[in-house]
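Structure, as structure tokens:
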Amino acid sequence: MAAANSHQQQARDEGDRRLLARVAAGDREAFRELYIIYHRRLARFLTRLTRQYEIAEEVINDTLWVVWRKAGDFRGDSRVSTWIMGIAYRRALKALRSRNHALIDAVPIENEPLVAPDELGAAETSEWILLAMRQLPTEQRLALEFAYGYGHSCEEIALIMDCPVNTVKTRMFHGRAKLRALLPGLAGETQ
Amino acid sequence: MNEHARAHDLLAWMVNGRIDSRDAAWLDAHLATCAACRSELDAQRRVRDAIAREPTVEFAPQAAFNRLWKRIEADVHGTTTAGAAESHDSSLERPAHPPRARATPWLRVALAAQAAAIAVLCIALWRSPPAPSYQTVTDPPIGPVIAGPVVKAIFDDQVRLADVKEILATSRLVVATGPSEAGVYTLVPRDAHVADIPPATLERLRADPRVRFAEPGAR
């Protein structure tokens with residue numbers, strides 16, 4: 001399964017690279033194709049990060065505007081998706097800062113469990129997890145989202161978030177630990 | 001680092017499919033003997049599924065693309081008069097909005113046309129009955145409201161029609177609407193009396209490499 005996933009992602013990246021090369025040559029249709037492919041992914045990431053539809057919408061176009069202008073500078077050191085998500089991440093932080101939006105660690109960290117271990121019913125599990133995710137410091141939450149939600153590798157997340165690989169590992173470690181503290185029943189029954 | 005700590009670190013990459021084969025072999029062997037790490041694997045899968053499940057507002061990519069393309073064209077016109085300072089921008093930074101000087105007459109005409117189109121849309125929405133859930137800007141209301149369970153799905157771009165038919169037949173689903181501009185199909189059970197989408201059906205869809213996205217949703 002992991003190998004199939006990886007193969008699929010590699011095939012997608014090759015498709016992205018071909019499109020990006022055409023974008024670098026000024027091909028509008030290729031840019032439109034790339035735009036449509038990444039729009040959904042960015043919309044999902046940015047609405048969750050900014051929690052504001054208007055900012056997300058603006059950052060999507062800011063990001064792809066940079067992609068259009070810098071396509072020729074892409075050296076292929078990373079996957080195209082890593083490069084684009086990195087731009088989106090930086091653009092989003094900048095957009096939030098310019099609005100004095102106190103996003104980083106805006107949500108107080110709860111130390112008490114959100115829910116008792118035996119209350120984590122199957123139907124509500126996802127809702128509880130998403131609620132708990134919102135309690136995490138932003139950098140930890142984002143590291144987890146890049147990994148679990150978008151299938152990025154540890155090295156790719158380091159590139160996107162512009163930090164050392166070990167920092168990514170530390171953020172994920174603490175993020176998971178906080179999730180476990182908030183949701184003691186998360187691991188459920190072990191077979 | 002002890003075995004469990006190493007396993008916990010690796011589990012994330014097993015869950016998201018990015019683990020390399022050597023680590024996967026070690027982790028498989030460890031999981032076979034460690035109930036605590038199997039439990040953690042289960043927890044991390046739940047986190048992954050929760051993140052994938054979170055609904056997002058459906059944007060209208062084509063309309064957004066058109067707006068961006070106008071901005072790009074305005075940039076091209078703008079640099080001929082405003083100089084090439086921006087082309088040396090290596091920090092990927094730029095003003096949040098194009099300079100006002102670039103609001104050329106044709107752009108004002110385009111904005112007026114856009115405003116008119118929005119007004120028409122508003123009237124259309126005002127006349128429509130209340131929508132039961134999200135409706136994309138570009139999707140006109142189609143057919144009757146679908147009651148009961150649905151699956152929102154996106155197929156891989158390379159998938160052939162025959163594949164889609166096979167996926168639908170295996171899952172006992174049919175297409176109710178779609179694709180939306182974002183490429184989303186709304187699938188409903190073939191048998192109208194089915195009250196729920198079986199979890200196994202969703203799991204099969206998600207495991208199918210031809211399906212990029214499959215989530216339960218409300219019509």
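Every chain in the structure tokens takes a letter, A first, then B, and so on in the order presented; its residues are numbered from 1, and the ligands are numbered from 1 following the presented order.
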- Task: Check stretch 13-153 of chain A with DSSP on the backbone and list each residue it calls helix (DSSP H, G or I), as a ChimeraX atom specification.
- Result: /A:13-24,28-50,53-73,80-98,117-119,125-133,138-149
- Message: Could you work out which residues of chain B fall inside 9 Å of chain A? Count only C-alpha atoms, and format the result as number ranges by chain.
- Response: B: 8-9, 12-21, 24, 35-36, 38-62, 64-65, 67-69, 71-72, 87, 92-94, 96, 182, 207, 209
- Contacts of A:Ala71 at 9 Å or less, counting only C-alpha atoms, minus same-chain residues fewer than 3 places along, as a ChimeraX atom specification? /A:20-25,66-68,74
Go ahead and write the selection's residues with N, CA, C and O atoms as a CSV table (one decimal), in the first residue's frame.
```
chain,number,residue,atom,x,y,z
A,20,LEU,N,4.5,22.3,-15.2
A,20,LEU,CA,5.3,23.5,-14.8
A,20,LEU,C,6.3,23.9,-15.8
A,20,LEU,O,6.5,25.1,-16.0
A,21,ALA,N,6.9,23.0,-16.5
A,21,ALA,CA,7.8,23.4,-17.6
A,21,ALA,C,7.1,24.2,-18.7
A,21,ALA,O,7.6,25.2,-19.2
A,22,ARG,N,5.8,23.7,-19.0
A,22,ARG,CA,5.1,24.5,-20.0
A,22,ARG,C,4.6,25.8,-19.4
A,22,ARG,O,4.6,26.8,-20.1
A,23,VAL,N,4.3,25.9,-18.1
A,23,VAL,CA,4.0,27.2,-17.5
A,23,VAL,C,5.2,28.1,-17.6
A,23,VAL,O,5.0,29.3,-17.9
A,24,ALA,N,6.4,27.6,-17.3
A,24,ALA,CA,7.6,28.4,-17.4
A,24,ALA,C,7.7,29.0,-18.8
A,24,ALA,O,8.3,30.1,-19.0
A,25,ALA,N,7.2,28.3,-19.8
A,25,ALA,CA,7.3,28.8,-21.2
A,25,ALA,C,6.1,29.7,-21.5
A,25,ALA,O,6.0,30.2,-22.7
A,66,VAL,N,2.6,33.6,-7.8
A,66,VAL,CA,4.0,33.4,-7.6
A,66,VAL,C,4.5,32.2,-8.5
A,66,VAL,O,5.5,32.2,-9.1
A,67,VAL,N,3.6,31.1,-8.5
A,67,VAL,CA,4.0,30.0,-9.3
A,67,VAL,C,4.1,30.4,-10.8
A,67,VAL,O,5.1,30.0,-11.4
A,68,TRP,N,3.2,31.2,-11.3
A,68,TRP,CA,3.3,31.6,-12.7
A,68,TRP,C,4.6,32.4,-12.9
A,68,TRP,O,5.3,32.2,-13.9
A,74,PHE,N,12.0,27.1,-10.8
A,74,PHE,CA,11.9,25.8,-10.1
A,74,PHE,C,13.0,24.9,-10.5
A,74,PHE,O,13.1,24.6,-11.7
```
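Atom pair atom CA of B:Asp191 / atom CA of B:Asp208: separated by 22.1 Å.
Comparing the minimum interatomic distances between A:Met85 and each of A:Arg171, A:Arg97, A:Arg141, A:Arg41, counting only C-alpha atoms, we find that A:Arg41 sits nearest.
Among A:Arg18, A:Lys178, A:Arg51, A:Arg75, the residue with the shortest atom-to-atom distance to A:Leu34, counting only C-alpha atoms, is A:Arg18.
Within 9 Å of B:Thr201, once only C-alpha atoms are used and residues closer than 6 positions along the same chain are dropped, the contacting residues are Thr170, Ser171 and Arg172 of chain B.
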Can you spit out the residues from that selection as a PDB file, in the first residue's frame, using all heavy atoms?
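Saved to part_5.pdb:
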```pdb
ATOM      1  N   THR B 170     -19.125  -1.878  -8.509  1.00  0.00           N
ATOM      2  CA  THR B 170     -18.604  -2.607  -7.355  1.00  0.00           C
ATOM      3  C   THR B 170     -19.134  -2.002  -6.058  1.00  0.00           C
ATOM      4  O   THR B 170     -19.417  -2.704  -5.089  1.00  0.00           O
ATOM      5  CB  THR B 170     -17.060  -2.539  -7.330  1.00  0.00           C
ATOM      6  OG1 THR B 170     -16.590  -2.855  -8.636  1.00  0.00           O
ATOM      7  CG2 THR B 170     -16.486  -3.517  -6.341  1.00  0.00           C
ATOM      8  N   SER B 171     -19.254  -0.683  -6.035  1.00  0.00           N
ATOM      9  CA  SER B 171     -19.685   0.000  -4.815  1.00  0.00           C
ATOM     10  C   SER B 171     -21.208   0.091  -4.711  1.00  0.00           C
ATOM     11  O   SER B 171     -21.719   0.616  -3.730  1.00  0.00           O
ATOM     12  CB  SER B 171     -19.116   1.423  -4.777  1.00  0.00           C
ATOM     13  OG  SER B 171     -17.757   1.420  -5.052  1.00  0.00           O
ATOM     14  N   ARG B 172     -21.898  -0.367  -5.738  1.00  0.00           N
ATOM     15  CA  ARG B 172     -23.362  -0.278  -5.799  1.00  0.00           C
ATOM     16  C   ARG B 172     -23.807   1.181  -5.634  1.00  0.00           C
ATOM     17  O   ARG B 172     -24.713   1.502  -4.861  1.00  0.00           O
ATOM     18  CB  ARG B 172     -24.013  -1.173  -4.734  1.00  0.00           C
ATOM     19  CG  ARG B 172     -23.580  -2.628  -4.856  1.00  0.00           C
ATOM     20  CD  ARG B 172     -24.294  -3.516  -3.856  1.00  0.00           C
ATOM     21  NE  ARG B 172     -25.722  -3.615  -4.118  1.00  0.00           N
ATOM     22  CZ  ARG B 172     -26.260  -4.364  -5.052  1.00  0.00           C
ATOM     23  NH1 ARG B 172     -25.497  -5.090  -5.847  1.00  0.00           N
ATOM     24  NH2 ARG B 172     -27.567  -4.393  -5.222  1.00  0.00           N
TER      25      ARG B 172
END
```
- Using only C-alpha atoms, determine which residues lie at most 9 Å from stretch 155-160 of chain A, disregarding the query and same-chain residues fewer than 3 positions distant; provide the list as a ChimeraX atom specification. /A:78-79,82-90,143,146-147,152,163-168
- Interatomic distance between atom CA of B:Glu215 and atom CA of B:Ala63? 24.7 Å
- Task: Please measure the separation of atom CA of A:His174 and atom CA of A:Met161, giving the value in Å to one decimal.
- Result: 16.4 Å
